Amino acid sequence: MLVVLIAIVATACIAPLWTHRWQLPRSWLATMPAACFVLCLSWWPEVNAGAVILQSWAWMPSIGLSLSFFIDGLSLLFLLLITGIGTFIALYASSYLKNHTDEGRFLFWLFLFMASMLGLVASDNLLAMFVFWELTSITSYMLIGFHHESEKSRKLALQGLFITVGGGLLLMTGFIMLGSLAGTYELSEIVQLSITDQSPFVDAMLVFILIGAFTKSAQFPFHFWLPNAMAAPTPVSAFLHSATMVKAGVFLMARLHPTFAEQSLWSSAQLWAGAATMLLGAWMAYISTDLKKVLAYSTVMALGTLTLLLGIGTEYALIGFVSYLLAHSLYKASLFMLAGGIDHSTGTKDLARLQGLRVAMPITFVLTIVGALSLAGLPPLFGFIGKELLLEAGLGADLWVITTVVLAAALVAGVSLTLIVKPFLGSPVSLPKSPHEASPAMLAGPLVLLTLAVLFGLFPFLAQEGLVRTAVHAVAGFEMGVTLKLWHGVNTALVLSGLSLLAGALLMVLWVRSRPMAQLTLRWSERYGPESGYFRMMAGIVGFSAWQTRIIQNGRLGIYMIVLILATLTPVAWVLVESVGWPGWFATLNPTIYEWAMVALMLVSTAFAVITRSRFASIISLGALGFSVALIFVHFSAPDLGITQVLVETLTVLLLVLVLIRVPGFARFSSKAEVARDAAVALFAGFVLSWVVLAALSVQWAPSIAEYFVENSYELGKGRNIVNVILVDFRALDTLGEIFVLAIAALGVYSMLKLRGGSDRGET
Amino acid sequence: MAKPELAHAEADSLILRTAALVILPLQLVFSVFLLLRGHDEPGGGFIGGLVASGSLALYLYAFDVHALKRLLRVSPKDLLAVGLLLGLAATLPSVFLGEAFFTAQWLQLSLGDNLVKISTVLVFDIGVYLTVVGTLVTMLIALAESQLEEQ
């Protein structure tokens with residue numbers, strides 16, 4: 001698994017060079033995900049035999065974080081979908097974005113996304129999964145905002161990011177709660193558990209995890225970011241926003257299904273949110289006219305359906321869940337790719353304008369028929385099987401569930417029939433570009449995926465034995481008989497299916513006539529829907545931060561310092577007074593004459609730095625202060641610290657000289673009262689900090705680790721210089737963090753000096 | 001002291017220049033010495049980096065910012081980036097060997113009587129060295145340049 005991840009990340013890194021520097025054919029890049037697909041396929045025999053593949057690399061054993069992978073039926077299904085569809089997306093993108101100036105950047109983020117998504121579904125560790133989860137949000141943000149010159153595109157990308165990352169924050173809380181409840185962070189162990197106890201703690205955990213999953217999978221009321229994410233180039237919409245990323249939430253819910261199936265809060269929340277999302281998505285898909293928006297809302301519908309099926313949770317529902325998921329990935333990615341082809345060749349994706357394309361784009365036409373019929377759920381396509389199972393599952397649940405299912409199915413049937421009829425039939429009209437057939441690279445994906453959809457439909461046995469059975473096993477948590485059949489005989493589900501198709505046909509006929517009404521509804525929902533709530537909240541946050549910036553950061557450095565110092569040190573002083581007290585031990589010290597001299601030196605240089613009228617004298621005497629500190633280090637035999645202190649002081653003085661040379665000499669601006677106030681704050685800060693240092697020496701919360709370092713420095717760290725061994729071996733992670741801080745500080749200084757006032761002074 | 005002194009022209013001292021030319025190479029070599037011996041004796045990447053930056057700062061004061069940039073040839077920001085990359089690179093070998101992330105890996109070679117220790121720790125220390133130099137020189141050059149621009 002690690003090999004797969006590294007391969008994809010490596011592809012991401014070379015993609016920009018590949019396309020821009022070396023000018024090699026882009027489509028070759030698609031071979032990498034294809035190779036990974038084959039690699040994932042090699043695990044299939046084992047997984048299909050009922051085994052679970054666990055791979056683990058220790059990462060931070062001390063906090064239970066390991067890079068471990070857990071491959072069972074469910075994750076293998078996702079791995080195959082991601083790498084398989086990913087191959088065709090890479091192929092498609094190579095043609096779709098040909099000669100775009102930012103093609104390299106695009107491919108970089110696309111492959112990076114692929115790696116994060118693969119990591120997400122294969123992760124065994126909750127914490128690692130969360131990291132991958134966030135990575136998909138970030139890469140998705142970069143991809144939605146690909147056309148970063150457009151303000152709208154940036155705004156919508158940010159919206160997707162805020163919603164998914166906001167949910168991610170809650171998800172992390174939920175994961176940590178789950179980890180502490182289950183006593184392990186390994187999913188392979190968690191899915192063995194069944195958490196049945198009821199407590200506010202469990203409820204809170206379920207709510208956090210659900211919100212995380214709902215935001216990612218665009219469930220009502222967080223659904224609005226997904227259609228807006230269609231600002232991204234089409235390959236991204238097809239890959240991230242229909243086939244993979246948005247399924248992450250659904251994946252998570254399915255993954256945890258065995259653990260939480262007994263929790264009524266878990267399943268009823270899924271039931272309600274799923275049903276609402278499904279109906280809303282189907283309705284919005286019907287009233288939208290933008291081709292990509294229509295598909296996006298039908299994706300929202302599908303995600304709602306999947307959540308609903310998990311919420312129902314019966315055997316039929318779980319089989320339906322996996323089948324529907326597979327069917328949806330196959331046809332939706334294809335439909336998006338086909339829609340992108342239409343957009344690319346005609347220059348418009350307005351469904352109301354497109355007409356009569358069947359002559360110019362015959363292959364696209366045929367493929368769209370297959371894809372749309374699968375979406376509508378017509379035999380003999382795999383979508384039909386998914387839909388029949390959905391109806392069966394709905395019949396087993398409450399009446400309102402089956403009613404919403406049938407309603408949504410009718411709307412979707414209407415949408416999918418419209419997708420066939422409206423753009424392709426009728427007489428050709430004039431369009432922004434004269435239409436032509438899409439290139440082979442753009443048609444390859446839909447062709448293969450839809451062929452699979454037909455094959456699985458005609459021979460459901462293939463899908464059942466190949467993928468569905470083991471995946472259902474993983475979701476249910478136990479083995480169960482799975483039989484997929486195209487023909488169930490005439491039963492209630494079939495009658496309902498037929499009814500919904502008839503209603504769909506009627507809706508299709510009414511499509512053109514219903515447009516004015518649809519426009520009205522769209523405008524209404526824009527004004528009062530959850531999205532307006534999002535915008536109002538964002539405006540509120542901006543307003544609040546502007547207000548507090550005016551109050552706290554009024555442009556005077558002195559005030560900033562006072563606020564900063566008081567805000568940090570007052571609580572510290574409080575703790576000292578409350579629970580530590582005044583350390584008495586140092587009164588018994590008996591300093592030597594050298595120590596007295598050093599103290600005197602420090603006091604004098606400090607006092608001089610404060611009272612002198614010359615900036616340079618002030619800097620130099622601060623330097624003197626630093627050197628006397630170095631003397632103390634040397635005196636107490638800490639040569640490393642001494643050397644470092646001397647060097648840092650020297651360089652600080654040099655840097656200060658360079659900075660202060662730019663400001664005019666000291667002048668008096670402050671009134672007496674202000675000087676007194678500043679002095680009081682400074683004395684307070686100095687006093688509290690000294691107290692902290694003194695108290696730190698006398699308070700010992702945990703056993704000292706100094707001994708450990710002294711003993712093991714040479715044994716484990718192979719070095720005699722303990723300070724250095726601590727820095728680069730025992731506590732190397734801290735050092736790594738520190739050098740990053742250094743780098744950020746340097747870039748901060750650089751950008752402050754170079755990019756002042758927003759004027760671009762160019763590179764050095 | 002109405003006018004700030006030490007604008008770069010006024011620091012044009014023959015003694016400083018001559019001294020800088022002699023000290024710079026010595027100090028750079030010394031910094032590498034400190035870096036390499038750091039694991040057993042006082043020194044290390046951080047101290048070495050500071051010493052090296054000190055020598056470059058001296059050169060900056062003795063000559064000017066253009067001379068320093070000519071001397072460096074590469075942008076200090078690149079040093080910074082290479083340093084961080086080396087730091088990160090040192091974390092990975094252990095993962096491939098199946099140990100915890102960032103576990104130090106050692107290779108001990110005996111050359112004659114001497115034991116030479118090559119390790120990811122050394123790579124990491126070199127990363128620290130370069131980051132420190134990169135940070136300080138980036139700041140120094142940025143400050144010196146903005147001062148030039150104002151004149």
# chains A, B, ... in the order shown; residues from 1 in each chain; ligands from 1
$ closest_atom_pairs --of "chain B" --to "chain A" --cutoff "7 Å" --atoms "only C-alpha atoms" --output "CSV"
residue,atom,partner,partner_atom,distance
B:Met1,CA,A:Gly665,CA,7.0
B:Ala2,CA,A:Gly665,CA,6.1
B:Pro4,CA,A:Ile661,CA,5.5
B:Gly38,CA,A:Asn724,CA,6.5
B:His39,CA,A:Gly719,CA,5.0
B:Asp40,CA,A:Arg720,CA,4.2
B:Glu41,CA,A:Asn721,CA,5.3
B:Pro42,CA,A:Asp640,CA,5.2
B:Gly43,CA,A:Asp640,CA,6.3
B:Gly44,CA,A:Asn724,CA,6.2
B:Ile47,CA,A:Thr644,CA,5.7
B:Leu50,CA,A:Leu647,CA,6.1
B:Val51,CA,A:Leu647,CA,6.7
B:Gly54,CA,A:Leu651,CA,6.4
B:Leu80,CA,A:Ala743,CA,6.5
B:Leu84,CA,A:Phe740,CA,7.0
B:Gly87,CA,A:Leu736,CA,6.6
B:Val95,CA,A:Trp57,CA,6.8
B:Gly98,CA,A:Trp57,CA,6.0
B:Glu99,CA,A:Ala58,CA,6.1
B:Ala100,CA,A:Ala58,CA,4.6
B:Phe101,CA,A:Trp59,CA,4.7
B:Ala104,CA,A:Asp729,CA,6.7
B:Val121,CA,A:Val728,CA,6.0
B:Phe124,CA,A:Val728,CA,6.9
B:Asp125,CA,A:Val728,CA,6.6
B:Val128,CA,A:Ile739,CA,6.5
B:Thr131,CA,A:Ile739,CA,6.4
B:Thr135,CA,A:Ala746,CA,5.0
B:Thr138,CA,A:Ala746,CA,6.3
B:Met139,CA,A:Ala746,CA,5.9
B:Leu140,CA,A:Leu655,CA,6.7
B:Ala142,CA,A:Tyr750,CA,5.8
B:Leu143,CA,A:Leu658,CA,6.3
B:Ala144,CA,A:Leu658,CA,6.6
B:Ser146,CA,A:Leu753,CA,6.6
B:Gln147,CA,A:Arg662,CA,6.9
$ select_by_dssp --residues "stretch 5-148 of chain B" --states "helix (DSSP H, G or I)" --output "MDAnalysis selection string"
chainID B and resid 8:11 14:37 45:62 65:72 76:89 93:96 120:148
$ select_by_dssp --residues "stretch 30-126 of chain B" --states "strand (DSSP E or B)" --output "number ranges by chain"
B: 106-111, 114-119
$ closest_residue --among "A:Ile138, A:Ala408, A:Met253, A:Leu178" --to "A:Leu110" --atoms "only C-alpha atoms"
A:Ile138
$ closest_residue --among "B:Trp106, B:Lys117, B:Leu26, B:Leu130" --to "B:Pro76" --atoms "only C-alpha atoms"
B:Leu130
$ atom_distance --atom1 "atom CA of A:Ala372" --atom2 "atom CA of A:Ala397"
27.7 Å
$ residues_around --residues "A:Gly481" --least-positions-apart "2" --cutoff "8 Å" --atoms "only C-alpha atoms" --output "PyMOL selection string"
chain A and resi 469+479+483
$ write_last_selection --atoms "N, CA and C atoms" --output "PDB file, in the first residue's frame"
ATOM      1  N   ARG A 469     -19.946  -8.818  -2.614  1.00  0.00           N
ATOM      2  CA  ARG A 469     -20.141  -9.693  -1.463  1.00  0.00           C
ATOM      3  C   ARG A 469     -19.198  -9.337  -0.303  1.00  0.00           C
ATOM      4  N   GLU A 479     -20.804 -12.134   7.871  1.00  0.00           N
ATOM      5  CA  GLU A 479     -21.002 -12.783   6.580  1.00  0.00           C
ATOM      6  C   GLU A 479     -22.499 -12.893   6.299  1.00  0.00           C
ATOM      7  N   THR A 483     -27.121 -12.173  -3.144  1.00  0.00           N
ATOM      8  CA  THR A 483     -27.432 -12.599  -4.507  1.00  0.00           C
ATOM      9  C   THR A 483     -27.992 -11.395  -5.258  1.00  0.00           C
TER      10      THR A 483
END
$ residues_around --residues "B:Val123" --least-positions-apart "3" --cutoff "8 Å" --atoms "only C-alpha atoms" --output "list in words"
Leu86, Gly87, Ala90, Ser119, Thr120, Ile126 and Gly127 of chain B
$ atom_distance --atom1 "atom CA of A:Thr521" --atom2 "atom CA of A:Ser288"
9.8 Å
$ atom_distance --atom1 "atom CA of A:Pro583" --atom2 "atom CA of A:Thr606"
24.7 Å
$ closest_residue --among "A:Ile287, A:Leu507, A:Val475, A:Leu79" --to "A:Leu407" --atoms "only C-alpha atoms"
A:Leu507
$ closest_residue --among "B:Ala89, B:Ala52, B:Leu58, B:Leu107" --to "B:Arg17" --atoms "only C-alpha atoms"
B:Leu58
